[in-house]
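Heads up, the thing below is written out as structure tokens.
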Amino acid sequence: CASETVDVAIIGAGPSGSIAASLLHAQGKKVLVLEKQHFPRFSIGESLLPCCMQVITEANMLEAVNQAGFQFKNGAAFRYQDKYTTFDFTDKFTPGPGTTFQVERKNFDKLLADEASKQGVDIRYGHSVNAVDLSAKPQLEISNDQGQIQTINAKFILDASGFGRVLPHLLELEKPSTLPTRSAVFNHVYDNISDPNFDRNKILISVHPENQDIWYWLIPFSDGRCSVGVVGEPHQLAVVENGIEGDLNRLLKIMIDQEPGLKKLLANAEFINQSGLLKGYSANVKTLATDKFALLGNAGEFLDPVFSSGVTIAMQSASMAAKTLIKQLDGEIVDWQQDYAAPLMTGVDTFRTYVEAWYDCRFQDAIFFDDPDPKIKQMICSILAGYAWDQNNPFVSESKRRLDMVVELCRC
Ligand code: FAD
């Protein structure tokens with residue numbers, strides 16, 4: 001049972017892990033990333049928001065991402081019954097990038113991890129974190145694919161384990177999400193979309209015509225395929241009722257056929273693989289950080305996929321945690337609640353306002369309103385583009401009050 005000592009041990013090599021590792025390594029910190037799987041590996045979450053391009057730039061990975069051949073993305077389109085509306089992310093209130101990409105995550109995550117490795121970060125695949133001891137200096141117990149066990153001593157641990165939620169489980173930090181349990185059924189299909197008006201540069205979010213709680217994503221890739229998925233509460237997806245959980249392709253097709261616009265677009269789609277199912281992914285924690293560890297991305301709170309905010313939050317958390325941690329490692333006194341958790345949560349809470357208002361339909365009313373004020377639309381567009389931390393935007397700093405005002409205007 002060998003032991004090893006590093007400055008920072010990072011659990012997981014998804015976007016939050018690779019970005020945090022790169023930023024810390026660039027400041028001369030000794031970082032070790034432990035990744036349970038071997039890359040490339042599947043991950044859900046394929047539509048990025050422009051805001052995350054800033055963090056990708058910070059980590060010196062922009063050129064590699066730009067050259068990877070991912071599908072260009074410049075906005076989001078929404079459809080409900082006969083209403084169709086678009087947000088152009090370049091026409092927004094907050095300064096910063098207005099375009100990004102739609103990515104197959106197995107390629108995107110591998111690219112970020114490979115870039116971090118090229119920069120000199122030590123990433124060990126097939127290494128799983130099984131136990132943690134924080135009674136003195138942080139210690140991790142890890143095992144590799146061959147079953148060999150090792151102890152890692154670190155000055156600090158970053159948990160970037162995504163839905164693995166390693167530290168929340170081991171340290172009993174889990175707290176139930178306030179959002180209802182929802183499920184998603186999804187697949188990658190050869191879409192064969194012939195409609196010349198279909199905009200491959202935007203994610204399309206379609207709302208179920210009879211039940212506005214149910215929505216679909218359609219995320220075009222650059223190779224003629226799309227990621228398509230449907231989200232709803234388990235009983236709404238007929239997973240339980242019809243007992244067809246075993247035939248997820250059939251379930252997904254039934255759900256697609258219930259939305260006429262999507263049914264038409266995907267009339268010639270080829271389902272090559274089995275569809276996937278994710279249940280109850282919303283999660284929360286009692287604490288995001290102490291002076292010994294911090295939770296990044298999905299290992300902390302995960303809200304809901306409707307605004308594609310997951311990777312952006314993951315990257316923002318990596319950037320914010322890395323800045324705080326560099327100060328601590330350099331001997332400064334930091335307050336993890338004040339310097340990391342609270343600022344991170346300002347953005348997460350902005351998204352929360354809009355997610356809640358999506359499901360109670362108030363934000364849907366605002367999105368599908370026929371005659372939006374262009375200035376207000378730009379401010380809302382900023383949030384949809386991921387700039388949920390911009391306190392200069394009144395729809396961020398007073399998100400609830402401003403959104404209520406807009407909804408009232410749309411409804412009267
Ligand atoms: P991950 O990318 O999940 O990486 C975590 C890594 O940790 C994994 O590689 C895993 O193998 C590793 N790991 C786990 N346990 C251990 C262990 N014990 N030891 C070592 N390693 C371990 N986000 C978007 O931005 N856009 C979208 O369009 C979008 N759509 C979504 C749709 C759905 C239905 C859902 C549920 C989520 C969606 N998301 C989306 C959210 C997105 O998937 C996540 O927010 C994002 O992947 C989080 O990144 P991460 O770095 O925190 O973790």
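Starting from 1 in every chain, residues are counted up; chains themselves are A, B, ... following the order of the structure tokens, and ligands are numbered from 1 as listed.
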When DSSP is applied to the backbone of this structure, which of segment 193-397 of chain A are assigned helix (DSSP H, G or I)? Write them out as an MDAnalysis selection string. chainID A and resid 234:237 248:257 260:265 297:299 310:329 336:359 362:367 374:384 394:397
Taking only C-alpha atoms and all ligand atoms into account, which residues are within 6 Å of ligand 1, as a short mmCIF file (atom, residue, chain, number, x, y, z; two decimals) with N, CA and C atoms, in the first residue's frame?
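See result-v6.cif below for the written result:
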data_model
loop_
_atom_site.label_atom_id
_atom_site.label_comp_id
_atom_site.auth_asym_id
_atom_site.auth_seq_id
_atom_site.Cartn_x
_atom_site.Cartn_y
_atom_site.Cartn_z
N ILE A 11 -10.73 14.66 -7.81
CA ILE A 11 -11.48 13.42 -8.09
C ILE A 11 -12.31 13.65 -9.36
N GLY A 12 -11.93 13.00 -10.47
CA GLY A 12 -12.70 13.10 -11.71
C GLY A 12 -12.06 14.01 -12.74
N ALA A 13 -12.07 13.56 -14.00
CA ALA A 13 -11.45 14.32 -15.11
C ALA A 13 -12.49 14.80 -16.10
N GLY A 14 -13.70 15.11 -15.63
CA GLY A 14 -14.70 15.78 -16.48
C GLY A 14 -14.29 17.24 -16.65
N PRO A 15 -15.16 18.08 -17.23
CA PRO A 15 -14.79 19.48 -17.47
C PRO A 15 -14.32 20.21 -16.21
N SER A 16 -15.00 20.02 -15.08
CA SER A 16 -14.58 20.78 -13.89
C SER A 16 -13.22 20.30 -13.40
N GLY A 17 -12.96 18.99 -13.46
CA GLY A 17 -11.68 18.46 -12.99
C GLY A 17 -10.53 18.90 -13.87
N LEU A 34 -7.50 11.94 -10.35
CA LEU A 34 -7.83 10.51 -10.29
C LEU A 34 -9.15 10.30 -11.01
N GLU A 35 -9.14 9.52 -12.07
CA GLU A 35 -10.35 9.32 -12.88
C GLU A 35 -10.66 7.83 -12.92
N LYS A 36 -11.87 7.52 -12.50
CA LYS A 36 -12.30 6.12 -12.37
C LYS A 36 -12.35 5.40 -13.73
N GLN A 37 -12.83 6.13 -14.75
CA GLN A 37 -13.05 5.49 -16.05
C GLN A 37 -11.83 5.68 -16.96
N ILE A 44 -23.58 12.79 -20.53
CA ILE A 44 -24.69 13.60 -21.03
C ILE A 44 -24.32 15.07 -20.85
N GLY A 45 -24.94 15.97 -21.64
CA GLY A 45 -24.69 17.41 -21.44
C GLY A 45 -23.90 18.01 -22.58
N GLU A 46 -24.54 18.09 -23.76
CA GLU A 46 -23.77 18.32 -24.99
C GLU A 46 -23.84 19.73 -25.54
N SER A 47 -24.73 20.55 -25.00
CA SER A 47 -24.87 21.90 -25.52
C SER A 47 -24.20 22.87 -24.57
N LEU A 48 -23.14 23.52 -25.03
CA LEU A 48 -22.40 24.44 -24.15
C LEU A 48 -23.02 25.83 -24.21
N HIS A 127 -8.49 4.87 -12.00
CA HIS A 127 -8.19 5.03 -10.57
C HIS A 127 -9.42 5.60 -9.87
N SER A 128 -9.95 4.81 -8.96
CA SER A 128 -11.19 5.19 -8.30
C SER A 128 -10.93 5.62 -6.86
N VAL A 129 -11.57 6.70 -6.46
CA VAL A 129 -11.46 7.14 -5.05
C VAL A 129 -12.53 6.42 -4.25
N ASN A 130 -12.11 5.72 -3.19
CA ASN A 130 -13.06 4.90 -2.42
C ASN A 130 -13.31 5.41 -1.01
N ALA A 160 -14.50 16.65 -8.20
CA ALA A 160 -15.06 16.97 -9.52
C ALA A 160 -15.68 15.69 -10.10
N SER A 161 -16.29 14.89 -9.22
CA SER A 161 -16.75 13.55 -9.63
C SER A 161 -18.14 13.54 -10.25
N GLY A 162 -18.71 14.71 -10.52
CA GLY A 162 -20.00 14.76 -11.22
C GLY A 162 -21.09 14.01 -10.48
N PHE A 163 -21.88 13.24 -11.27
CA PHE A 163 -22.98 12.48 -10.65
C PHE A 163 -22.45 11.37 -9.74
N GLY A 164 -21.14 11.09 -9.79
CA GLY A 164 -20.51 10.14 -8.85
C GLY A 164 -20.62 10.65 -7.40
N VAL A 166 -18.71 11.83 -5.02
CA VAL A 166 -17.90 11.03 -4.10
C VAL A 166 -17.89 11.60 -2.68
N ALA A 184 -34.89 11.69 -17.71
CA ALA A 184 -34.60 12.03 -19.10
C ALA A 184 -34.34 10.73 -19.88
N TYR A 281 -31.86 13.23 -11.29
CA TYR A 281 -30.49 13.75 -11.32
C TYR A 281 -30.32 15.03 -10.50
N LEU A 296 -16.94 20.72 -6.83
CA LEU A 296 -17.07 21.43 -8.11
C LEU A 296 -18.24 20.86 -8.90
N GLY A 297 -18.78 21.66 -9.80
CA GLY A 297 -19.77 21.18 -10.79
C GLY A 297 -20.86 20.35 -10.16
N ASN A 298 -21.14 19.23 -10.81
CA ASN A 298 -22.25 18.37 -10.38
C ASN A 298 -22.03 17.69 -9.04
N ALA A 299 -20.80 17.67 -8.55
CA ALA A 299 -20.58 17.09 -7.23
C ALA A 299 -21.20 17.99 -6.15
N PRO A 305 -31.51 20.35 -16.44
CA PRO A 305 -30.80 20.57 -17.71
C PRO A 305 -31.45 21.57 -18.67
N SER A 308 -29.20 24.18 -20.25
CA SER A 308 -27.85 23.73 -20.62
C SER A 308 -26.78 24.41 -19.78
N SER A 309 -27.05 24.61 -18.51
CA SER A 309 -26.13 25.38 -17.68
C SER A 309 -25.08 24.52 -16.97
N GLY A 310 -25.19 23.18 -17.06
CA GLY A 310 -24.35 22.29 -16.25
C GLY A 310 -22.86 22.47 -16.46
N VAL A 311 -22.40 22.42 -17.71
CA VAL A 311 -20.95 22.51 -17.97
C VAL A 311 -20.45 23.91 -17.61
N THR A 312 -21.29 24.92 -17.88
CA THR A 312 -20.88 26.29 -17.54
C THR A 312 -20.70 26.44 -16.04
N ALA A 314 -20.08 24.02 -13.98
CA ALA A 314 -18.92 23.18 -13.63
C ALA A 314 -17.62 23.96 -13.87
#
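Reported to one decimal place, the separation of atom CA of Pro209 of chain A from atom CA of Pro374 of chain A is 27.0 Å.
The residue set within 12 Å of Phe198 of chain A, counting only C-alpha atoms and dropping same-chain residues fewer than 2 places from it, reads Ala77, Tyr84, Thr86, Asp191, Asn192, Ile193, Ser194, Asp195, Pro196, Arg200, Asn201, Lys202, Ile203, Leu204, Leu218, Ile219, Pro220, Gly261, Leu262, Lys264, Leu265 and Leu266 of chain A.
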Could you take the residues named above and write them with C-alpha atoms, as a short mmCIF file (atom, residue, chain, number, x, y, z; two decimals), in the first residue's frame?
data_model
loop_
_atom_site.label_atom_id
_atom_site.label_comp_id
_atom_site.auth_asym_id
_atom_site.auth_seq_id
_atom_site.Cartn_x
_atom_site.Cartn_y
_atom_site.Cartn_z
CA ALA A 77 -34.58 28.14 -30.25
CA TYR A 84 -41.34 29.49 -32.36
CA THR A 86 -35.02 32.25 -31.01
CA ASP A 191 -31.36 12.89 -37.90
CA ASN A 192 -31.68 13.11 -41.73
CA ILE A 193 -33.43 16.47 -41.25
CA SER A 194 -34.27 17.95 -44.65
CA ASP A 195 -36.19 21.05 -43.49
CA PRO A 196 -34.12 23.99 -44.85
CA ARG A 200 -28.27 23.46 -36.77
CA ASN A 201 -26.43 26.29 -34.99
CA LYS A 202 -28.95 26.36 -32.16
CA ILE A 203 -30.23 23.95 -29.56
CA LEU A 204 -33.97 23.45 -30.08
CA LEU A 218 -32.55 18.56 -30.01
CA ILE A 219 -28.83 19.26 -30.20
CA PRO A 220 -27.27 18.93 -33.67
CA GLY A 261 -42.98 19.80 -34.80
CA LEU A 262 -40.38 17.35 -33.59
CA LYS A 264 -41.97 16.13 -38.54
CA LEU A 265 -38.32 17.10 -38.13
CA LEU A 266 -37.29 13.60 -37.08
#
Kindly assemble as JSON lines a list of the segment 268-371 of chain A residues that lie within 10 Å of segment 377-400 of chain A, each paired with its nearest atom pair and their distance in Å to one decimal, using only C-alpha atoms, sorted first by chain and then by ascending residue number.
{"residue": "A:Phe307", "atom": "CA", "partner": "A:Leu384", "partner_atom": "CA", "distance": 6.5}
{"residue": "A:Ser308", "atom": "CA", "partner": "A:Leu384", "partner_atom": "CA", "distance": 8.4}
{"residue": "A:Ser309", "atom": "CA", "partner": "A:Gly386", "partner_atom": "CA", "distance": 6.6}
{"residue": "A:Gly310", "atom": "CA", "partner": "A:Gly386", "partner_atom": "CA", "distance": 9.7}
{"residue": "A:Val311", "atom": "CA", "partner": "A:Gly386", "partner_atom": "CA", "distance": 9.8}
{"residue": "A:Thr312", "atom": "CA", "partner": "A:Gly386", "partner_atom": "CA", "distance": 6.6}
{"residue": "A:Ile313", "atom": "CA", "partner": "A:Gly386", "partner_atom": "CA", "distance": 8.4}
{"residue": "A:Gln316", "atom": "CA", "partner": "A:Trp389", "partner_atom": "CA", "distance": 9.5}
{"residue": "A:Pro343", "atom": "CA", "partner": "A:Trp389", "partner_atom": "CA", "distance": 8.0}
{"residue": "A:Leu344", "atom": "CA", "partner": "A:Trp389", "partner_atom": "CA", "distance": 8.0}
{"residue": "A:Met345", "atom": "CA", "partner": "A:Trp389", "partner_atom": "CA", "distance": 8.9}
{"residue": "A:Thr346", "atom": "CA", "partner": "A:Trp389", "partner_atom": "CA", "distance": 6.3}
{"residue": "A:Gly347", "atom": "CA", "partner": "A:Trp389", "partner_atom": "CA", "distance": 4.6}
{"residue": "A:Val348", "atom": "CA", "partner": "A:Ala388", "partner_atom": "CA", "distance": 7.5}
{"residue": "A:Asp349", "atom": "CA", "partner": "A:Ala388", "partner_atom": "CA", "distance": 8.6}
{"residue": "A:Thr350", "atom": "CA", "partner": "A:Val396", "partner_atom": "CA", "distance": 5.9}
{"residue": "A:Phe351", "atom": "CA", "partner": "A:Ala388", "partner_atom": "CA", "distance": 6.9}
{"residue": "A:Arg352", "atom": "CA", "partner": "A:Ser399", "partner_atom": "CA", "distance": 9.6}
{"residue": "A:Thr353", "atom": "CA", "partner": "A:Lys400", "partner_atom": "CA", "distance": 6.2}
{"residue": "A:Tyr354", "atom": "CA", "partner": "A:Ser399", "partner_atom": "CA", "distance": 8.3}
{"residue": "A:Ala357", "atom": "CA", "partner": "A:Lys400", "partner_atom": "CA", "distance": 9.2}
{"residue": "A:Ala366", "atom": "CA", "partner": "A:Lys377", "partner_atom": "CA", "distance": 9.5}
{"residue": "A:Ile367", "atom": "CA", "partner": "A:Lys377", "partner_atom": "CA", "distance": 8.9}
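The residues of segment 255-405 of chain A that DSSP classifies as strand (DSSP E), using the backbone of this structure, are Glu270, Phe271, Gly276, Leu277, Leu278, Lys279, Asn284, Val285, Phe293, Ala294 and Leu295 of chain A.
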Residues of segment 26-56 of chain A that approach segment 114-120 of chain A to 12 Å or less, counting only C-alpha atoms: could you list each one with the shortest pair of atoms and its distance in Å to one decimal, rows by chain and increasing residue number, as JSON lines?
{"residue": "A:Ala26", "atom": "CA", "partner": "A:Gln119", "partner_atom": "CA", "distance": 8.1}
{"residue": "A:Gln27", "atom": "CA", "partner": "A:Gln119", "partner_atom": "CA", "distance": 11.6}
{"residue": "A:Gly28", "atom": "CA", "partner": "A:Gly120", "partner_atom": "CA", "distance": 10.3}
{"residue": "A:Lys29", "atom": "CA", "partner": "A:Gly120", "partner_atom": "CA", "distance": 10.9}
{"residue": "A:Lys30", "atom": "CA", "partner": "A:Gly120", "partner_atom": "CA", "distance": 9.9}
{"residue": "A:Val31", "atom": "CA", "partner": "A:Gly120", "partner_atom": "CA", "distance": 9.4}
{"residue": "A:Leu32", "atom": "CA", "partner": "A:Gly120", "partner_atom": "CA", "distance": 10.4}
{"residue": "A:Val33", "atom": "CA", "partner": "A:Ser117", "partner_atom": "CA", "distance": 9.9}
{"residue": "A:Phe39", "atom": "CA", "partner": "A:Asp114", "partner_atom": "CA", "distance": 9.7}
{"residue": "A:Pro40", "atom": "CA", "partner": "A:Asp114", "partner_atom": "CA", "distance": 10.6}
{"residue": "A:Ile56", "atom": "CA", "partner": "A:Glu115", "partner_atom": "CA", "distance": 10.7}
Just N, CA and C atoms for this one: save the residues we selected as a short mmCIF file (atom, residue, chain, number, x, y, z; two decimals), in the first residue's frame.
data_model
loop_
_atom_site.label_atom_id
_atom_site.label_comp_id
_atom_site.auth_asym_id
_atom_site.auth_seq_id
_atom_site.Cartn_x
_atom_site.Cartn_y
_atom_site.Cartn_z
N ALA A 26 -0.87 25.59 -13.71
CA ALA A 26 -0.26 26.80 -14.30
C ALA A 26 0.34 27.69 -13.21
N GLN A 27 -0.15 27.56 -11.98
CA GLN A 27 0.41 28.36 -10.88
C GLN A 27 1.44 27.57 -10.07
N GLY A 28 1.93 26.49 -10.66
CA GLY A 28 3.03 25.75 -10.03
C GLY A 28 2.61 24.79 -8.94
N LYS A 29 1.30 24.48 -8.84
CA LYS A 29 0.86 23.55 -7.78
C LYS A 29 0.96 22.12 -8.28
N LYS A 30 1.30 21.21 -7.36
CA LYS A 30 1.41 19.79 -7.73
C LYS A 30 0.02 19.15 -7.65
N VAL A 31 -0.50 18.80 -8.82
CA VAL A 31 -1.89 18.34 -8.91
C VAL A 31 -1.92 16.88 -9.36
N LEU A 32 -2.81 16.11 -8.78
CA LEU A 32 -3.02 14.74 -9.25
C LEU A 32 -4.51 14.54 -9.50
N VAL A 33 -4.86 14.14 -10.75
CA VAL A 33 -6.27 13.88 -11.07
C VAL A 33 -6.49 12.38 -11.10
N PHE A 39 -10.93 7.22 -20.81
CA PHE A 39 -11.52 8.12 -21.81
C PHE A 39 -11.17 7.61 -23.20
N PRO A 40 -12.00 7.80 -24.22
CA PRO A 40 -13.29 8.50 -24.16
C PRO A 40 -14.36 7.68 -23.47
N ILE A 56 -12.55 28.36 -20.65
CA ILE A 56 -11.71 27.55 -21.55
C ILE A 56 -10.48 28.38 -21.97
#
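Look at Pro138 of chain A: the protein and nucleic acid residues within 7 Å of it, using only C-alpha atoms and passing over chain neighbours fewer than 4 places away, are Asp133, Leu134, Asn153, Ala154, Lys155, Phe156 and Lys292 of chain A.
Going from atom CA of Leu288 of chain A to atom CA of Glu301 of chain A covers 8.4 Å.
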What's the 8 Å shell around Leu167 of chain A, counting only C-alpha atoms, without same-chain residues fewer than 5 positions away, as a PyMOL selection string? chain A and resi 132+159+172-173+295+299
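Neighbouring residues of Gln258 of chain A at 9 Å or closer, counting only C-alpha atoms and skipping chain neighbours under 3 positions away, are A:His208, A:Pro209, A:Glu210, A:Lys253, A:Ile254, A:Met255, A:Leu262, A:Lys263.
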Could the residues in this selection be written to a file with C-alpha atoms, as a short mmCIF file (atom, residue, chain, number, x, y, z; two decimals), in the first residue's frame?
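out-v5.cif, written as the output of this step:
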data_model
loop_
_atom_site.label_atom_id
_atom_site.label_comp_id
_atom_site.auth_asym_id
_atom_site.auth_seq_id
_atom_site.Cartn_x
_atom_site.Cartn_y
_atom_site.Cartn_z
CA HIS A 208 -45.00 19.18 -25.14
CA PRO A 209 -48.22 20.59 -26.66
CA GLU A 210 -50.51 19.37 -23.88
CA LYS A 253 -40.27 7.60 -30.27
CA ILE A 254 -43.71 7.64 -28.60
CA MET A 255 -42.79 10.85 -26.79
CA LEU A 262 -40.38 17.35 -33.59
CA LYS A 263 -42.21 14.41 -35.16
#
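Using only C-alpha atoms, the shortest contact distance between Ser177 of chain A and any of A:Ile149, A:Leu303, A:Leu329, A:Leu49 is found at A:Leu303.
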